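This is work_0.cif (mmCIF, C-alpha atoms).
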data_data
loop_
_atom_site.label_atom_id
_atom_site.label_comp_id
_atom_site.auth_asym_id
_atom_site.auth_seq_id
_atom_site.Cartn_x
_atom_site.Cartn_y
_atom_site.Cartn_z
CA MET A 1 13.21 -2.41 61.31
CA ASP A 2 9.54 -1.71 60.53
CA SER A 3 6.98 -4.47 60.00
CA PHE A 4 6.75 -3.76 56.22
CA SER A 5 10.48 -4.44 55.76
CA SER A 6 10.21 -7.61 57.84
CA ARG A 7 7.36 -8.93 55.71
CA ARG A 8 9.29 -8.05 52.53
CA ARG A 9 12.37 -10.01 53.69
CA ALA A 10 10.24 -12.96 54.72
CA LEU A 11 8.60 -12.94 51.30
CA ARG A 12 11.96 -12.89 49.54
CA ARG A 13 13.14 -15.92 51.62
CA GLN A 14 9.96 -17.72 50.56
CA LEU A 15 10.59 -16.88 46.91
CA LEU A 16 14.17 -18.11 47.14
CA LEU A 17 12.89 -21.45 48.33
CA THR A 18 10.61 -21.68 45.29
CA GLY A 19 13.26 -20.50 42.81
CA LEU A 20 11.36 -17.33 41.84
CA ALA A 21 13.56 -14.71 43.45
CA ALA A 22 15.86 -14.55 40.43
CA LEU A 23 13.00 -13.32 38.26
CA PRO A 24 12.34 -9.55 37.91
CA LEU A 25 9.29 -9.13 40.15
CA ALA A 26 7.89 -6.04 38.45
CA ALA A 27 7.95 -7.65 35.03
CA THR A 28 6.82 -11.20 35.78
CA VAL A 29 4.76 -11.54 38.93
CA SER A 30 2.36 -9.62 41.09
CA VAL A 31 2.67 -10.32 44.83
CA THR A 32 0.25 -9.71 47.70
CA LEU A 33 2.40 -9.03 50.73
CA GLY A 34 1.52 -11.11 53.74
CA SER A 35 0.19 -13.88 51.47
CA SER A 36 1.80 -16.80 49.67
CA LEU A 37 -0.17 -15.93 46.49
CA VAL A 38 2.11 -15.37 43.47
CA GLN A 39 0.13 -14.65 40.33
CA ALA A 40 1.57 -14.55 36.80
CA GLN A 41 1.04 -11.24 35.02
CA GLN A 42 -1.80 -11.36 32.52
CA PRO A 43 -1.02 -10.67 28.83
CA ALA A 44 -2.14 -7.36 27.37
CA LYS A 45 -5.79 -7.14 26.39
CA PRO A 46 -6.69 -7.98 22.78
CA GLN A 47 -6.11 -5.24 20.21
CA THR A 48 -7.79 -4.56 16.87
CA LEU A 49 -5.94 -2.63 14.18
CA THR A 50 -7.70 -0.93 11.31
CA VAL A 51 -5.62 -0.83 8.14
CA VAL A 52 -6.89 1.47 5.38
CA SER A 53 -5.48 0.67 1.97
CA TYR A 54 -6.08 0.84 -1.76
CA ALA A 55 -8.10 -1.73 -3.65
CA VAL A 56 -5.49 -4.10 -5.04
CA THR A 57 -3.71 -4.88 -1.75
CA LYS A 58 -6.53 -6.89 -0.16
CA THR A 59 -5.38 -10.37 -1.16
CA ALA A 60 -1.87 -9.79 0.15
CA TYR A 61 -2.97 -8.15 3.39
CA ASP A 62 -5.47 -10.90 4.18
CA GLN A 63 -2.49 -13.25 4.37
CA ILE A 64 -0.10 -10.86 6.11
CA PHE A 65 -2.63 -10.06 8.86
CA LYS A 66 -2.71 -13.75 9.83
CA LEU A 67 1.08 -14.06 9.77
CA PHE A 68 1.59 -11.00 11.95
CA ALA A 69 -1.14 -11.98 14.43
CA ALA A 70 0.46 -15.39 14.94
CA ASP A 71 3.96 -13.93 15.25
CA TRP A 72 2.86 -11.21 17.69
CA LYS A 73 0.94 -13.63 19.90
CA LYS A 74 3.95 -15.94 20.04
CA LYS A 75 6.25 -13.07 21.03
CA THR A 76 3.97 -11.16 23.43
CA GLY A 77 0.95 -13.30 24.23
CA GLN A 78 -1.33 -10.52 22.97
CA VAL A 79 -4.16 -11.32 20.55
CA VAL A 80 -4.35 -8.93 17.58
CA SER A 81 -7.13 -8.85 15.00
CA PHE A 82 -7.50 -6.68 11.91
CA LYS A 83 -10.10 -4.68 10.06
CA GLY A 84 -9.16 -3.91 6.46
CA SER A 85 -10.71 -1.12 4.41
CA TYR A 86 -10.05 -1.04 0.66
CA GLY A 87 -10.88 1.33 -2.17
CA GLY A 88 -9.40 3.94 -4.47
CA SER A 89 -6.39 5.50 -2.77
CA GLY A 90 -7.68 9.05 -3.24
CA SER A 91 -11.09 8.10 -1.84
CA GLN A 92 -9.50 6.28 1.10
CA THR A 93 -7.34 9.29 1.86
CA ARG A 94 -10.37 11.56 2.04
CA ALA A 95 -12.20 9.04 4.21
CA VAL A 96 -9.38 9.00 6.78
CA ILE A 97 -9.24 12.80 6.82
CA ASP A 98 -13.01 12.90 7.25
CA GLY A 99 -13.00 10.56 10.24
CA LEU A 100 -12.39 6.94 9.22
CA GLU A 101 -10.21 5.76 12.12
CA ALA A 102 -7.14 4.09 10.67
CA ASP A 103 -4.29 2.86 12.84
CA VAL A 104 -2.23 2.29 9.69
CA VAL A 105 -2.58 3.58 6.14
CA SER A 106 -1.09 1.75 3.18
CA LEU A 107 -1.70 3.94 0.15
CA ALA A 108 -0.85 4.09 -3.52
CA MET A 109 1.44 7.10 -3.31
CA ALA A 110 3.31 9.30 -0.86
CA ALA A 111 1.16 12.27 -1.87
CA ASP A 112 -1.89 10.66 -0.26
CA VAL A 113 -0.07 10.04 3.02
CA SER A 114 1.14 13.65 2.93
CA LYS A 115 -2.46 14.87 2.68
CA ILE A 116 -3.28 12.97 5.88
CA GLN A 117 -0.20 14.52 7.49
CA GLN A 118 -1.35 17.99 6.42
CA ALA A 119 -4.70 17.28 8.07
CA GLY A 120 -2.85 16.85 11.37
CA LEU A 121 -3.30 13.08 11.73
CA ILE A 122 0.24 11.90 10.89
CA ASN A 123 3.37 13.50 12.31
CA PRO A 124 5.91 15.04 9.91
CA GLY A 125 8.83 12.80 9.08
CA TRP A 126 6.75 9.63 8.64
CA GLU A 127 8.72 8.73 5.49
CA ARG A 128 11.91 8.42 7.57
CA GLU A 129 10.47 6.08 10.19
CA ASN A 130 10.91 2.91 8.13
CA PRO A 131 13.23 1.71 5.35
CA TYR A 132 13.10 2.84 1.72
CA GLY A 133 11.07 5.96 2.42
CA SER A 134 8.54 3.86 4.39
CA THR A 135 7.83 2.00 1.14
CA PRO A 136 7.72 -1.81 1.47
CA ILE A 137 6.48 -2.48 -2.08
CA ASN A 138 6.71 -1.24 -5.66
CA SER A 139 4.77 -1.99 -8.82
CA THR A 140 4.38 -0.58 -12.32
CA VAL A 141 1.74 -0.04 -15.02
CA ALA A 142 0.66 -3.09 -17.02
CA VAL A 143 -1.29 -3.19 -20.26
CA PHE A 144 -4.02 -5.79 -20.85
CA VAL A 145 -5.05 -6.44 -24.46
CA ARG A 146 -7.75 -8.69 -25.92
CA PRO A 147 -6.82 -12.22 -27.05
CA GLY A 148 -4.78 -12.06 -30.23
CA ASN A 149 -4.24 -8.30 -29.74
CA PRO A 150 -6.64 -7.42 -32.59
CA LYS A 151 -5.98 -3.67 -32.28
CA LYS A 152 -2.21 -4.21 -32.57
CA ILE A 153 -1.34 -2.40 -29.33
CA ASN A 154 2.40 -2.89 -28.90
CA GLY A 155 3.60 0.40 -27.42
CA TRP A 156 2.45 3.52 -25.63
CA LYS A 157 1.74 5.51 -28.78
CA ASP A 158 -0.70 2.86 -30.02
CA LEU A 159 -3.10 3.99 -27.27
CA ASP A 160 -3.66 7.34 -29.02
CA ASN A 161 -5.96 5.90 -31.66
CA LYS A 162 -9.62 6.81 -32.01
CA ASP A 163 -10.38 3.18 -32.88
CA VAL A 164 -8.96 1.92 -29.57
CA ASP A 165 -11.31 1.99 -26.56
CA VAL A 166 -9.11 2.45 -23.48
CA VAL A 167 -10.13 1.49 -19.93
CA LEU A 168 -8.32 3.24 -17.09
CA ALA A 169 -9.34 4.58 -13.70
CA ASN A 170 -10.07 8.18 -12.71
CA PRO A 171 -7.04 10.13 -11.40
CA LYS A 172 -9.31 12.15 -9.11
CA THR A 173 -10.24 9.07 -7.06
CA SER A 174 -7.57 6.46 -7.78
CA GLY A 175 -3.89 6.49 -6.87
CA GLY A 176 -3.20 3.84 -9.48
CA ALA A 177 -4.78 6.13 -12.08
CA ARG A 178 -2.33 8.88 -11.18
CA TRP A 179 0.52 6.47 -11.73
CA ASN A 180 -1.10 5.61 -15.09
CA PHE A 181 -1.08 9.30 -15.96
CA LEU A 182 2.61 9.65 -15.05
CA ALA A 183 3.45 6.54 -17.09
CA LEU A 184 1.74 8.11 -20.12
CA TRP A 185 3.42 11.47 -19.53
CA GLY A 186 6.84 9.88 -19.12
CA ALA A 187 6.34 7.75 -22.21
CA ILE A 188 6.67 10.99 -24.17
CA THR A 189 8.83 13.28 -22.04
CA ARG A 190 11.35 10.58 -21.04
CA THR A 191 11.96 9.66 -24.67
CA GLY A 192 12.75 13.12 -26.01
CA GLY A 193 9.22 14.48 -26.45
CA THR A 194 8.04 17.89 -25.28
CA GLU A 195 5.40 18.63 -22.65
CA ALA A 196 3.13 19.93 -25.40
CA GLN A 197 3.45 16.58 -27.16
CA ALA A 198 2.74 14.78 -23.89
CA ARG A 199 -0.44 16.81 -23.37
CA SER A 200 -1.61 16.06 -26.89
CA PHE A 201 -0.87 12.35 -26.51
CA ILE A 202 -2.64 11.98 -23.15
CA THR A 203 -5.64 13.99 -24.35
CA GLY A 204 -5.99 11.53 -27.21
CA VAL A 205 -5.76 8.53 -24.85
CA TYR A 206 -8.43 9.84 -22.46
CA LYS A 207 -10.72 10.77 -25.34
CA ASN A 208 -10.73 7.06 -26.11
CA ALA A 209 -11.97 6.15 -22.61
CA ASP A 210 -15.76 5.79 -22.51
CA VAL A 211 -15.79 5.54 -18.69
CA LEU A 212 -13.31 6.23 -15.90
CA PRO A 213 -13.82 3.68 -13.08
CA LYS A 214 -13.24 4.95 -9.56
CA ASP A 215 -10.40 2.55 -8.69
CA ALA A 216 -8.08 -0.10 -10.06
CA ARG A 217 -10.22 -3.07 -9.06
CA GLU A 218 -13.32 -1.59 -10.70
CA ALA A 219 -11.30 -0.93 -13.85
CA THR A 220 -10.21 -4.57 -13.96
CA ASP A 221 -13.80 -5.74 -13.49
CA ALA A 222 -14.95 -3.49 -16.34
CA PHE A 223 -12.39 -4.89 -18.75
CA VAL A 224 -12.19 -8.52 -17.62
CA LYS A 225 -15.67 -9.33 -16.35
CA ARG A 226 -17.88 -6.91 -18.28
CA ARG A 227 -15.73 -7.08 -21.42
CA GLN A 228 -15.59 -3.31 -21.87
CA GLY A 229 -12.83 -1.76 -23.98
CA ASP A 230 -9.95 -2.92 -26.15
CA VAL A 231 -7.13 -2.27 -23.70
CA LEU A 232 -6.76 -1.75 -19.94
CA LEU A 233 -4.07 0.20 -18.08
CA ASN A 234 -3.71 -0.95 -14.50
CA TRP A 235 -1.36 -2.12 -11.78
CA GLU A 236 0.97 -4.95 -12.74
CA THR A 237 -0.37 -6.57 -9.57
CA GLU A 238 -3.88 -6.67 -11.03
CA ALA A 239 -2.60 -8.33 -14.19
CA ILE A 240 -0.74 -11.01 -12.22
CA LEU A 241 -3.70 -11.75 -9.94
CA ALA A 242 -6.17 -11.87 -12.82
CA ARG A 243 -4.03 -14.45 -14.60
CA ARG A 244 -3.50 -16.47 -11.42
CA LYS A 245 -7.24 -16.62 -10.76
CA GLY A 246 -7.88 -17.67 -14.33
CA GLU A 247 -9.95 -14.54 -14.96
CA TRP A 248 -7.57 -13.45 -17.72
CA THR A 249 -5.31 -15.77 -19.68
CA THR A 250 -3.89 -13.42 -22.32
CA PRO A 251 -0.32 -12.31 -21.41
CA TYR A 252 -0.11 -8.72 -20.21
CA GLN A 253 2.46 -6.28 -21.56
CA LEU A 254 4.87 -3.89 -19.89
CA PHE A 255 5.80 -1.01 -22.16
CA SER A 256 9.17 0.67 -21.72
CA PRO A 257 10.05 3.12 -20.34
CA ASN A 258 7.60 2.75 -17.48
CA VAL A 259 7.03 4.28 -14.07
CA LEU A 260 8.20 2.48 -10.92
CA THR A 261 5.30 2.99 -8.53
CA GLU A 262 6.19 3.43 -4.86
CA GLN A 263 3.49 2.58 -2.32
CA PRO A 264 4.13 3.81 1.25
CA VAL A 265 2.82 2.76 4.65
CA ALA A 266 2.46 4.96 7.75
CA VAL A 267 1.11 4.84 11.29
CA VAL A 268 -1.69 7.37 11.88
CA ASP A 269 -0.24 9.02 14.99
CA LYS A 270 -3.31 10.82 16.25
CA VAL A 271 -5.41 7.65 16.10
CA VAL A 272 -2.92 5.22 17.66
CA ASP A 273 -2.17 7.60 20.53
CA ARG A 274 -5.87 8.01 21.26
CA ARG A 275 -6.57 4.26 21.01
CA GLY A 276 -3.40 3.08 22.75
CA SER A 277 -2.44 0.98 19.73
CA ARG A 278 0.89 2.59 18.79
CA LYS A 279 3.11 -0.31 19.91
CA VAL A 280 1.21 -2.89 17.88
CA ALA A 281 0.72 -0.59 14.87
CA GLU A 282 4.42 0.24 14.65
CA ALA A 283 5.32 -3.45 15.01
CA PHE A 284 2.91 -4.30 12.18
CA VAL A 285 4.50 -1.75 9.84
CA ARG A 286 7.98 -3.11 10.67
CA PHE A 287 6.69 -6.62 9.96
CA LEU A 288 5.97 -5.63 6.34
CA TYR A 289 9.73 -5.60 5.73
CA THR A 290 10.32 -9.12 7.06
CA PRO A 291 11.11 -11.94 4.62
CA ALA A 292 7.75 -13.56 5.40
CA ALA A 293 5.72 -10.47 4.47
CA GLN A 294 7.90 -9.59 1.48
CA LYS A 295 7.36 -13.14 0.18
CA VAL A 296 3.57 -12.71 0.43
CA PHE A 297 3.76 -9.40 -1.41
CA ALA A 298 5.84 -10.96 -4.19
CA ASP A 299 3.50 -13.94 -4.45
CA ASN A 300 0.61 -11.51 -4.89
CA GLY A 301 2.18 -9.46 -7.66
CA PHE A 302 3.98 -6.68 -5.78
CA ARG A 303 7.67 -5.98 -6.30
CA PRO A 304 9.48 -6.22 -2.94
CA THR A 305 11.86 -3.48 -1.82
CA THR A 306 14.16 -5.34 0.60
CA PRO A 307 17.25 -7.26 -0.56
CA GLU A 308 15.75 -10.50 0.77
CA GLY A 309 12.44 -9.81 -0.95
CA LYS A 310 14.13 -8.98 -4.25
CA ALA A 311 16.19 -12.16 -4.07
CA TYR A 312 13.02 -14.21 -3.57
CA ALA A 313 11.25 -12.38 -6.42
CA LYS A 314 14.09 -12.75 -8.90
CA GLY A 315 12.69 -14.00 -12.19
CA LYS A 316 9.07 -13.47 -11.14
CA PHE A 317 8.71 -10.06 -12.80
CA GLN A 318 9.45 -8.76 -16.28
CA ASP A 319 12.44 -6.46 -16.72
CA VAL A 320 11.68 -2.93 -17.87
CA SER A 321 13.40 0.47 -17.97
CA PHE A 322 11.96 2.54 -15.12
CA PHE A 323 11.63 6.21 -14.26
CA LYS A 324 10.34 7.50 -10.91
CA VAL A 325 8.15 10.30 -9.64
CA GLY A 326 11.34 11.93 -8.38
CA ASP A 327 12.32 12.45 -12.00
CA PHE A 328 9.39 14.88 -12.23
CA GLY A 329 10.37 16.72 -9.05
CA GLY A 330 8.55 14.56 -6.49
CA TRP A 331 4.92 14.32 -5.47
CA ALA A 332 4.55 17.82 -4.06
CA GLY A 333 5.28 19.40 -7.43
CA VAL A 334 3.46 16.68 -9.38
CA GLU A 335 0.30 17.17 -7.33
CA ARG A 336 0.29 20.92 -7.94
CA LYS A 337 1.13 20.70 -11.63
CA PHE A 338 -0.92 17.74 -12.73
CA PHE A 339 -3.69 17.00 -10.24
CA GLY A 340 -4.36 20.22 -8.35
CA LYS A 341 -7.40 22.34 -9.09
CA GLY A 342 -7.06 23.68 -12.62
CA GLY A 343 -3.96 21.55 -13.22
CA VAL A 344 -2.98 19.57 -16.29
CA TRP A 345 -5.44 16.75 -15.57
CA ASP A 346 -8.38 19.13 -15.18
CA GLN A 347 -7.44 20.84 -18.45
CA ILE A 348 -7.19 17.52 -20.28
CA PHE A 349 -10.41 16.20 -18.74
CA ALA A 350 -12.29 19.28 -19.92
CA LYS A 351 -11.23 18.49 -23.49
CA THR A 352 -12.19 14.81 -23.31
CA ARG A 353 -15.72 15.00 -21.86
#
Just dump the structure as structure tokens.
Amino acid sequence: MDSFSSRRRALRRQLLLTGLAALPLAATVSVTLGSSLVQAQQPAKPQTLTVVSYAVTKTAYDQIFKLFAADWKKKTGQVVSFKGSYGGSGSQTRAVIDGLEADVVSLAMAADVSKIQQAGLINPGWERENPYGSTPINSTVAVFVRPGNPKKINGWKDLDNKDVDVVLANPKTSGGARWNFLALWGAITRTGGTEAQARSFITGVYKNADVLPKDAREATDAFVKRRQGDVLLNWETEAILARRKGEWTTPYQLFSPNVLTEQPVAVVDKVVDRRGSRKVAEAFVRFLYTPAAQKVFADNGFRPTTPEGKAYAKGKFQDVSFFKVGDFGGWAGVERKFFGKGGVWDQIFAKTR
């Protein structure tokens, strides 16, 4: 028997005496042969995740970051901190493609995540990696009106009125604004109207918009804080938060039918593999479907997607008849038809400016 084997057996006898031999050595201790030193393995070094998202998610994510960091440290001993970046979903998408290093993107629509995939940063099949098409939250389009509703805005068609100044974000920079556009389009085509009628209606609405803010939060500020416009189209989330903060006390409206917005989350594969953050990033995305995170989303005006989240949110949101982007053929076709170069939006914009 060689001397190495002898020392190994002697060490094991010593560990048996201390009760440590039953533990898996490779996973729990590091041992210096020939010495009685047994040192506990150190936890993984601290990790920072950058989460790039659209403007209205900030309040919810500020809370979820803390919950996940505490949960992860308890489970693994590793310290995780977060950097959040917020803005219009379209602008954030371009920033990631242009070099903003995001471990995780949480964007306003699947089309934006697909653009990052097409740029080679996210692997194909991202929408199948987590439940519900990798979509932990939904929302819809809410309508803010001035106290007393002086312009008598009670349905979609009331927005096509030259005496009504509409505030809504720019579809070129804002994901929420693209959902607004689909809500307006579906208000006509999902109730028996033709596409020609939908074009005419939306052209009238955008003619009534003096400015097109770059994102949902800026649109809310224009209407609520700067008192611009007679009516605002924005995320239901923005309406709920504005009322909760006391910034806006007039009840918002949900017109029917309305679009059910689906906001996906994805790990940015090229970044996490380069930074060594994949394990934590994937765990964070999975955490968004836990009851704790779904509760935070619901409390901050987002409609949860899990059964547990929906049960918690029951009664917190107004009922409305929904249609989805899939009813228009999905985002790939919608992007080409409506928002691609020379598409329906560009044609309408040319007539309104």
Leaving out Lys214 in chain A and any residue of its chain fewer than 4 positions from it, which residues lie within 7 Å of it when counting all atoms listed in the file, given as a VMD selection string?
-> chain A and resid 88 169 to 170 173 to 174 218
Answer key for the PyMOL selection byres ((chain A and resi 341-352) around 10), residues as an MDAnalysis selection string = chainID A and resid 171:172 178 181 199:200 202:210 334:340 353
When the PyMOL selection byres ((chain A and resi 236-250) around 6) is applied to the file above, which residues end up in the set, as a list in words?
-> Thr140, Val141, Ala142, Pro147, Trp235, Pro251, Gly301 and Phe302 of chain A
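When CA of Pro304 in chain A is paired with CA of Gly84 in chain A, their separation reads 21.0 Å.
The coordinates place CA of Lys316 in chain A at 28.5 Å from CA of Ala111 in chain A.
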Quick one: distance from CA of Pro257 in chain A to CA of Val145 in chain A in Å, one decimal?
-> 18.3 Å
Starting from the displayed file, determine the output of the PyMOL selection byres ((chain A and resi 61) around 12) and express the residue list as JSON, numbers by chain.
-> {"A": [50, 51, 52, 53, 54, 55, 56, 57, 58, 59, 60, 62, 63, 64, 65, 66, 67, 68, 69, 82, 83, 84, 85, 86, 106, 284, 285, 287, 288, 293, 294, 295, 296, 297, 298, 299, 300, 302]}
Using all atoms listed in the file, determine which residues lie at most 12 Å from Thr306 in chain A, disregarding the query and same-chain residues fewer than 2 positions distant; provide the list as a compact mmCIF listing (two decimals) with C-alpha atoms, in the frame of the given file.
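And here's selection_13.txt as it stands now:
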# COMPACT_ATOMS: atom_id res chain seq x y z
CA ASN A 130 10.91 2.91 8.13
CA PRO A 131 13.23 1.71 5.35
CA TYR A 132 13.10 2.84 1.72
CA GLY A 133 11.07 5.96 2.42
CA SER A 134 8.54 3.86 4.39
CA THR A 135 7.83 2.00 1.14
CA PRO A 136 7.72 -1.81 1.47
CA ILE A 137 6.48 -2.48 -2.08
CA ASN A 138 6.71 -1.24 -5.66
CA LEU A 288 5.97 -5.63 6.34
CA TYR A 289 9.73 -5.60 5.73
CA THR A 290 10.32 -9.12 7.06
CA PRO A 291 11.11 -11.94 4.62
CA ALA A 292 7.75 -13.56 5.40
CA ALA A 293 5.72 -10.47 4.47
CA GLN A 294 7.90 -9.59 1.48
CA LYS A 295 7.36 -13.14 0.18
CA PHE A 297 3.76 -9.40 -1.41
CA ALA A 298 5.84 -10.96 -4.19
CA ARG A 303 7.67 -5.98 -6.30
CA PRO A 304 9.48 -6.22 -2.94
CA GLU A 308 15.75 -10.50 0.77
CA GLY A 309 12.44 -9.81 -0.95
CA LYS A 310 14.13 -8.98 -4.25
CA ALA A 311 16.19 -12.16 -4.07
CA TYR A 312 13.02 -14.21 -3.57
CA ALA A 313 11.25 -12.38 -6.42
Would you list the residues near (4.8, -4.5, -18.6) (no more than 9 Å away, in the coordinates of the file, using all atoms listed in the file) as a PDB file with C-alpha atoms, keeping the file's coordinate frame?
ATOM      1  CA  THR A 140       4.380  -0.580 -12.320  1.00  0.00           C
ATOM      2  CA  VAL A 141       1.740  -0.040 -15.020  1.00  0.00           C
ATOM      3  CA  ALA A 142       0.660  -3.090 -17.020  1.00  0.00           C
ATOM      4  CA  VAL A 143      -1.290  -3.190 -20.260  1.00  0.00           C
ATOM      5  CA  GLU A 236       0.970  -4.950 -12.740  1.00  0.00           C
ATOM      6  CA  TYR A 252      -0.110  -8.720 -20.210  1.00  0.00           C
ATOM      7  CA  GLN A 253       2.460  -6.280 -21.560  1.00  0.00           C
ATOM      8  CA  LEU A 254       4.870  -3.890 -19.890  1.00  0.00           C
ATOM      9  CA  PHE A 255       5.800  -1.010 -22.160  1.00  0.00           C
ATOM     10  CA  SER A 256       9.170   0.670 -21.720  1.00  0.00           C
ATOM     11  CA  ASN A 258       7.600   2.750 -17.480  1.00  0.00           C
ATOM     12  CA  PHE A 317       8.710 -10.060 -12.800  1.00  0.00           C
ATOM     13  CA  GLN A 318       9.450  -8.760 -16.280  1.00  0.00           C
ATOM     14  CA  ASP A 319      12.440  -6.460 -16.720  1.00  0.00           C
ATOM     15  CA  VAL A 320      11.680  -2.930 -17.870  1.00  0.00           C
TER      16      VAL A 320
END
With 8 Å of padding per side, what axis-aligned box (centre and edge lengths, Å, one decimal) covers all the listed atoms of range 188-205 of chain A? Give it as JSON.
{"center_x": 3.4, "center_y": 14.2, "center_z": -24.1, "size_x": 34.7, "size_y": 27.4, "size_z": 22.2}
Counting only C-alpha atoms, closest pick from A:Trp185, A:Trp72, A:Phe328, A:Phe323 relative to Pro46 in chain A is A:Trp72
